[in-house]
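Colleague: A single structure is presented below for examination.
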Amino acid sequence: MDNSLKRSVGWLTAARIVVLLLILLSAILVQATPGVQFDRQALRDHGPARDELSFLYLLNGAAVLLALFHWTLGRHLPARLEAGIQLLGDLAIVTTLVYASGGPDSVFNFLYLVVIGVSAFLLYRTGAVFIASVAAVLYGSVVQLLAYGILPPPPLAPVSDWGGTRIRYNLAITVAGFYGIAFMVSYLSEKLRAARDELDLRQKALQRLQHLHGNVIATMSSGLMTADAQQRVTFLNRAGGELLGVDPGRAPGRLLADVGFRFGEDWDRIRERARGPETYRDEIEIARGNERRMLGYSFRLLKDTEGEEGALLLFQDLTDLKKLERQARFHAQLAAVGELAAGIAHEIRNPLASISGSVQVLSKEIPAGSAERRLMEIIVSESNRLSKILEEFLRFVRPQERRVAEFDVARTIIEVMDLFRLSDEVSDAHRIEADVVPEHSMIEGDRDQLRQILYNIAKNAVHAMSAGGTLRVVGREEDAWYRIRFADTGRGMSEEELSRLFTPFSTAFDGGTGLGMAIVRKIVEDHGGAIDAESRPGEGTAVTVLLPRSARRRSDGARREHVAAGVA
């Protein structure tokens, strides 16, 4: 309030100088105009000759002094006090001007009303009544003193011979006008002040609401996007920009498809379904950089200011959640298998050994090359294969004792890949590359189990490249973790095959048991690490293994945090 009043006083100071300068310039122009002169003889009849412009110069000097007061001492005074001083100064200047230009005959009497009106806007009713009272006293004094000849004749115009009745009538009308203007303008100014205060309250409430809205939108971890009926983005929050990989400031005006949001259904059909009682929900897959991300979104209709139906989209990244769901299904399957493992394995192995041994004894009594001998050899071969499956199965479901020691994981990767190149699985059409930086890196774990992980994943990759291809194995240190990535150029996998990759007895290769990748996953998780796979049909497969470099870092929370940051 004080700052606003100070600014208003500043405008009043400037307006005062402008008005007086205009009056002075008008008087100078009138005197300089040929044939237009003041009646100097009439002025001489009322007193000594005077310079009719001297009062105007003095009044302009007084205005300059009031301006200097405002910019010096007035800045340190309370706003209402300075406004009162300035208005009283204006009354003094107007009174002097009215006296000099003819008193009751002056053309500047209306300036009293201007000052009173300004006081009503600056000081409201109380101040306006006070200024009107002072103006009435000053104007009445000038008129009475001129009428009784106490004041010398005005320097700029003669005074008419007013009678007592006329003077009293003039004073009554003028003073009534002063108070009328004071009350009328103060009423309007108070109404204006009330409206301004109400507007200020509403603006502050709106600012608080906008601030709250901005904070809520800015701190949301979910993406929020609005679009118009033509599928053009109208707003995208920061979290949504990060999820879609676009700049939120440049998103408005672009099509939803251009920012990566492509629906699985027709736009009009989605809007029709969104009119139902339940929120429409669905999932889409987007490309962000070199990876694919799964987004879950909810769709609500949103009417704009013109009544057209747009859309409000709330979306989240479900990629990690989908991986956790696959892990949960895997562990549920593993738990079910584990319950059957001990009983079934022991019940099968003993009779199987008896069958195999009995057949081998009987086969010695049958001539070689006979049909019976060949059938018995098949029985022994299949018994051995079944025994191997049972051994792998028991190794998978039974806890294995790990021999934890510090070893060079980088050298281990190089050694296993060198040996793997010489294995029967690798042909001349296959190319095995190992990229390990640095060349030596120590971690804590079971070296033999790590070799098993490397061999099984590499064997799966080569099987996926039946016609040949390249397997690239990359090893890197990442703070307290060691990342191993296997990338092949094989046939790739569908979403369904990828979901069953670590599932026991699920294999896409002939002659496989379906336990190799399940065992790999169990070993990795027993070491406190994480494993994940990415694949698309015809584009190859990438398997990433993350292992803690120190056994002391094997906490589920730390592992999950790091996995969420970028294993996939």
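Residues in the structure tokens are numbered from 1 in each chain, the chains being A, B, ... in the order shown, and ligands are numbered from 1 in the order shown.
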Identify, on the basis of only C-alpha atoms, every residue whose closest approach to range 7-14 of chain A does not exceed 10 Å; exclude the query and any residue fewer than 5 positions from it along the same chain; express the result as a list in words.

Modeller: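 With the cut-off at 10 Å, the set is Asp2, Val19, Ala63, Val64, Leu66, Ala67, Leu68, Phe69, His70, Trp71, Gly74, Ala79, Arg80, Glu82, Ala83, Gly84, Gln86, Leu87, Asp90, Val115, Val118, Phe121 and Leu122 of chain A.
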
Colleague: At a cut-off of 9 Å, using only C-alpha atoms, what residues contact Ile457 in chain A? Leave out same-chain residues fewer than 2 positions from it and give the result as JSON, numbers by chain.

Modeller: {"A": [452, 453, 454, 455, 459, 460, 461, 462, 486, 516, 517, 520, 543]}

Colleague: Just the number, please: distance in Å from CA of Gln210 in chain A to CA of Leu224 in chain A, one decimal.

Modeller: 16.4 Å

Colleague: Fewer than 5 positions away in the same chain doesn't count, so skip those; otherwise give me all residues within 8 Å of range 312-328 of chain A, counting only C-alpha atoms, as an mmCIF file with all heavy atoms, in the first residue's frame.

Modeller:
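Result file follows (selection_5.cif):
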```cif
data_model
loop_
_atom_site.group_PDB
_atom_site.id
_atom_site.type_symbol
_atom_site.label_atom_id
_atom_site.label_comp_id
_atom_site.auth_asym_id
_atom_site.auth_seq_id
_atom_site.Cartn_x
_atom_site.Cartn_y
_atom_site.Cartn_z
ATOM 1 N N SER A 222 5.423 -39.580 -12.573
ATOM 2 C CA SER A 222 4.739 -40.100 -13.758
ATOM 3 C C SER A 222 4.706 -39.027 -14.843
ATOM 4 O O SER A 222 4.742 -37.834 -14.561
ATOM 5 C CB SER A 222 3.311 -40.525 -13.412
ATOM 6 O OG SER A 222 3.299 -41.526 -12.420
ATOM 7 N N GLY A 223 4.615 -39.483 -16.071
ATOM 8 C CA GLY A 223 4.483 -38.556 -17.180
ATOM 9 C C GLY A 223 3.057 -38.056 -17.290
ATOM 10 O O GLY A 223 2.105 -38.820 -17.092
ATOM 11 N N LEU A 224 2.895 -36.769 -17.582
ATOM 12 C CA LEU A 224 1.576 -36.171 -17.779
ATOM 13 C C LEU A 224 1.606 -35.396 -19.088
ATOM 14 O O LEU A 224 2.482 -34.548 -19.295
ATOM 15 C CB LEU A 224 1.215 -35.256 -16.616
ATOM 16 C CG LEU A 224 -0.208 -34.676 -16.632
ATOM 17 C CD1 LEU A 224 -0.730 -34.512 -15.219
ATOM 18 C CD2 LEU A 224 -0.264 -33.325 -17.348
ATOM 19 N N MET A 225 0.653 -35.708 -19.941
ATOM 20 C CA MET A 225 0.605 -35.056 -21.246
ATOM 21 C C MET A 225 -0.846 -34.799 -21.626
ATOM 22 O O MET A 225 -1.720 -35.626 -21.355
ATOM 23 C CB MET A 225 1.290 -35.940 -22.289
ATOM 24 C CG MET A 225 1.324 -35.358 -23.686
ATOM 25 S SD MET A 225 2.499 -36.226 -24.769
ATOM 26 C CE MET A 225 1.897 -37.909 -24.643
ATOM 27 N N THR A 226 -1.094 -33.638 -22.207
ATOM 28 C CA THR A 226 -2.420 -33.325 -22.728
ATOM 29 C C THR A 226 -2.310 -33.116 -24.230
ATOM 30 O O THR A 226 -1.274 -32.673 -24.740
ATOM 31 C CB THR A 226 -3.005 -32.063 -22.070
ATOM 32 O OG1 THR A 226 -2.111 -30.949 -22.290
ATOM 33 C CG2 THR A 226 -3.181 -32.275 -20.571
ATOM 34 N N ALA A 227 -3.386 -33.450 -24.923
ATOM 35 C CA ALA A 227 -3.415 -33.312 -26.381
ATOM 36 C C ALA A 227 -4.787 -32.811 -26.801
ATOM 37 O O ALA A 227 -5.786 -33.008 -26.095
ATOM 38 C CB ALA A 227 -3.102 -34.647 -27.048
ATOM 39 N N GLY A 240 7.452 -36.659 -17.999
ATOM 40 C CA GLY A 240 7.020 -37.227 -19.267
ATOM 41 C C GLY A 240 8.059 -37.035 -20.357
ATOM 42 O O GLY A 240 8.276 -37.928 -21.183
ATOM 43 N N LEU A 243 10.711 -39.633 -19.846
ATOM 44 C CA LEU A 243 10.274 -40.978 -20.232
ATOM 45 C C LEU A 243 10.247 -41.139 -21.749
ATOM 46 O O LEU A 243 10.604 -42.203 -22.270
ATOM 47 C CB LEU A 243 8.890 -41.267 -19.657
ATOM 48 C CG LEU A 243 8.803 -41.448 -18.137
ATOM 49 C CD1 LEU A 243 7.356 -41.592 -17.692
ATOM 50 C CD2 LEU A 243 9.598 -42.681 -17.705
ATOM 51 N N ARG A 293 11.287 -49.503 -24.531
ATOM 52 C CA ARG A 293 10.717 -49.351 -23.202
ATOM 53 C C ARG A 293 9.211 -49.589 -23.274
ATOM 54 O O ARG A 293 8.561 -49.267 -24.270
ATOM 55 C CB ARG A 293 10.970 -47.944 -22.647
ATOM 56 C CG ARG A 293 12.405 -47.475 -22.714
ATOM 57 C CD ARG A 293 13.320 -48.270 -21.823
ATOM 58 N NE ARG A 293 13.056 -48.033 -20.413
ATOM 59 C CZ ARG A 293 13.746 -48.626 -19.435
ATOM 60 N NH1 ARG A 293 14.699 -49.494 -19.724
ATOM 61 N NH2 ARG A 293 13.462 -48.369 -18.174
ATOM 62 N N MET A 294 8.691 -50.164 -22.213
ATOM 63 C CA MET A 294 7.263 -50.439 -22.130
ATOM 64 C C MET A 294 6.617 -49.396 -21.228
ATOM 65 O O MET A 294 7.025 -49.212 -20.081
ATOM 66 C CB MET A 294 7.028 -51.839 -21.566
ATOM 67 C CG MET A 294 5.557 -52.233 -21.497
ATOM 68 S SD MET A 294 4.790 -52.364 -23.122
ATOM 69 C CE MET A 294 5.645 -53.814 -23.763
ATOM 70 N N LEU A 295 5.604 -48.697 -21.759
ATOM 71 C CA LEU A 295 4.898 -47.674 -21.005
ATOM 72 C C LEU A 295 3.457 -48.125 -20.769
ATOM 73 O O LEU A 295 2.795 -48.624 -21.683
ATOM 74 C CB LEU A 295 4.887 -46.336 -21.749
ATOM 75 C CG LEU A 295 6.219 -45.651 -22.028
ATOM 76 C CD1 LEU A 295 5.979 -44.302 -22.694
ATOM 77 C CD2 LEU A 295 7.026 -45.473 -20.754
ATOM 78 N N GLY A 296 2.986 -47.950 -19.549
ATOM 79 C CA GLY A 296 1.574 -48.135 -19.247
ATOM 80 C C GLY A 296 0.929 -46.773 -19.094
ATOM 81 O O GLY A 296 1.500 -45.871 -18.463
ATOM 82 N N TYR A 297 -0.257 -46.576 -19.687
ATOM 83 C CA TYR A 297 -0.882 -45.258 -19.656
ATOM 84 C C TYR A 297 -2.372 -45.378 -19.377
ATOM 85 O O TYR A 297 -3.004 -46.411 -19.617
ATOM 86 C CB TYR A 297 -0.654 -44.525 -20.980
ATOM 87 C CG TYR A 297 -1.387 -45.103 -22.160
ATOM 88 C CD1 TYR A 297 -2.663 -44.663 -22.510
ATOM 89 C CD2 TYR A 297 -0.807 -46.095 -22.947
ATOM 90 C CE1 TYR A 297 -3.338 -45.186 -23.592
ATOM 91 C CE2 TYR A 297 -1.465 -46.637 -24.035
ATOM 92 C CZ TYR A 297 -2.740 -46.179 -24.356
ATOM 93 O OH TYR A 297 -3.412 -46.706 -25.425
ATOM 94 N N SER A 298 -2.911 -44.303 -18.825
ATOM 95 C CA SER A 298 -4.360 -44.155 -18.657
ATOM 96 C C SER A 298 -4.803 -42.969 -19.501
ATOM 97 O O SER A 298 -4.091 -41.968 -19.618
ATOM 98 C CB SER A 298 -4.716 -43.927 -17.186
ATOM 99 O OG SER A 298 -4.124 -42.739 -16.690
ATOM 100 N N PHE A 299 -5.999 -43.094 -20.082
ATOM 101 C CA PHE A 299 -6.494 -42.124 -21.060
ATOM 102 C C PHE A 299 -7.827 -41.577 -20.562
ATOM 103 O O PHE A 299 -8.751 -42.335 -20.269
ATOM 104 C CB PHE A 299 -6.665 -42.840 -22.407
ATOM 105 C CG PHE A 299 -7.073 -41.942 -23.547
ATOM 106 C CD1 PHE A 299 -6.149 -41.556 -24.497
ATOM 107 C CD2 PHE A 299 -8.387 -41.508 -23.685
ATOM 108 C CE1 PHE A 299 -6.525 -40.752 -25.551
ATOM 109 C CE2 PHE A 299 -8.769 -40.698 -24.728
ATOM 110 C CZ PHE A 299 -7.833 -40.316 -25.670
ATOM 111 N N ARG A 300 -7.893 -40.244 -20.450
ATOM 112 C CA ARG A 300 -9.143 -39.586 -20.060
ATOM 113 C C ARG A 300 -9.441 -38.469 -21.051
ATOM 114 O O ARG A 300 -8.523 -37.791 -21.528
ATOM 115 C CB ARG A 300 -9.052 -38.999 -18.653
ATOM 116 C CG ARG A 300 -8.821 -40.016 -17.557
ATOM 117 C CD ARG A 300 -10.001 -40.931 -17.358
ATOM 118 N NE ARG A 300 -11.173 -40.215 -16.878
ATOM 119 C CZ ARG A 300 -12.350 -40.794 -16.679
ATOM 120 N NH1 ARG A 300 -12.520 -42.075 -16.944
ATOM 121 N NH2 ARG A 300 -13.369 -40.090 -16.222
ATOM 122 N N LEU A 301 -10.736 -38.301 -21.346
ATOM 123 C CA LEU A 301 -11.122 -37.206 -22.225
ATOM 124 C C LEU A 301 -11.001 -35.876 -21.502
ATOM 125 O O LEU A 301 -11.256 -35.783 -20.301
ATOM 126 C CB LEU A 301 -12.556 -37.405 -22.714
ATOM 127 C CG LEU A 301 -12.789 -38.592 -23.650
ATOM 128 C CD1 LEU A 301 -14.261 -38.712 -23.997
ATOM 129 C CD2 LEU A 301 -11.956 -38.463 -24.923
ATOM 130 N N LEU A 302 -10.616 -34.840 -22.237
ATOM 131 C CA LEU A 302 -10.393 -33.522 -21.658
ATOM 132 C C LEU A 302 -10.925 -32.483 -22.631
ATOM 133 O O LEU A 302 -10.496 -32.420 -23.783
ATOM 134 C CB LEU A 302 -8.893 -33.296 -21.413
ATOM 135 C CG LEU A 302 -8.490 -32.008 -20.707
ATOM 136 C CD1 LEU A 302 -8.964 -32.038 -19.261
ATOM 137 C CD2 LEU A 302 -6.972 -31.843 -20.755
ATOM 138 N N SER A 499 10.249 -64.440 -22.641
ATOM 139 C CA SER A 499 9.693 -64.592 -21.294
ATOM 140 C C SER A 499 9.994 -65.968 -20.701
ATOM 141 O O SER A 499 9.967 -66.137 -19.481
ATOM 142 C CB SER A 499 8.182 -64.349 -21.329
ATOM 143 O OG SER A 499 7.534 -65.350 -22.090
ATOM 144 N N ALA A 564 17.950 -51.291 -11.809
ATOM 145 C CA ALA A 564 16.980 -50.326 -12.319
ATOM 146 C C ALA A 564 17.659 -49.199 -13.067
ATOM 147 O O ALA A 564 17.093 -48.601 -13.967
ATOM 148 C CB ALA A 564 16.145 -49.760 -11.170
#
```

Colleague: Please return, as a ChimeraX atom specification, all residues of range 136-340 of chain A that DSSP assigns to alpha helix (DSSP H) on the basis of the backbone.

Modeller: /A:136-147,164-219,238-244,267-274,319-340

Colleague: By how many Å are CA of His211 in chain A and CA of Phe235 in chain A apart?

Modeller: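 So the answer is 16.6 Å.
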
Colleague: Of the candidates A:Phe110, A:Phe330, A:Phe407, A:Tyr482, which shows the shortest atom-to-atom distance to Leu501 in chain A, using only C-alpha atoms?

Modeller: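 Among the listed residues, A:Phe330 lies closest to Leu501 in chain A.
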
Colleague: Smallest atom-to-atom distance to Ala353 in chain A: which of A:Ala467, A:Leu390, A:Leu138, A:Ile523, using only C-alpha atoms?

Modeller: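 For Ala353 in chain A, the nearest of the given residues is A:Leu390.
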
Colleague: Do you know which residues are at most 10 Å from Ala120 in chain A counting only C-alpha atoms, after dropping those on the same chain fewer than 6 positions away, and could you put them as a list in words?

Modeller: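 Close residues of Ala120 in chain A: Val114, Thr126, Gly127, Ala128, Val129, Phe130, Ile131, Ala132, Ile181, Ala182, Phe183, Met184, Val185, Ser186, Tyr187, Leu188, Ser189 and Glu190 of chain A.
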
Colleague: Report the distance between CA of Arg166 in chain A and CA of Pro152 in chain A in Å, rounded to one decimal place.

Modeller: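 Calculated distance between CA of Arg166 in chain A and CA of Pro152 in chain A is 20.4 Å.
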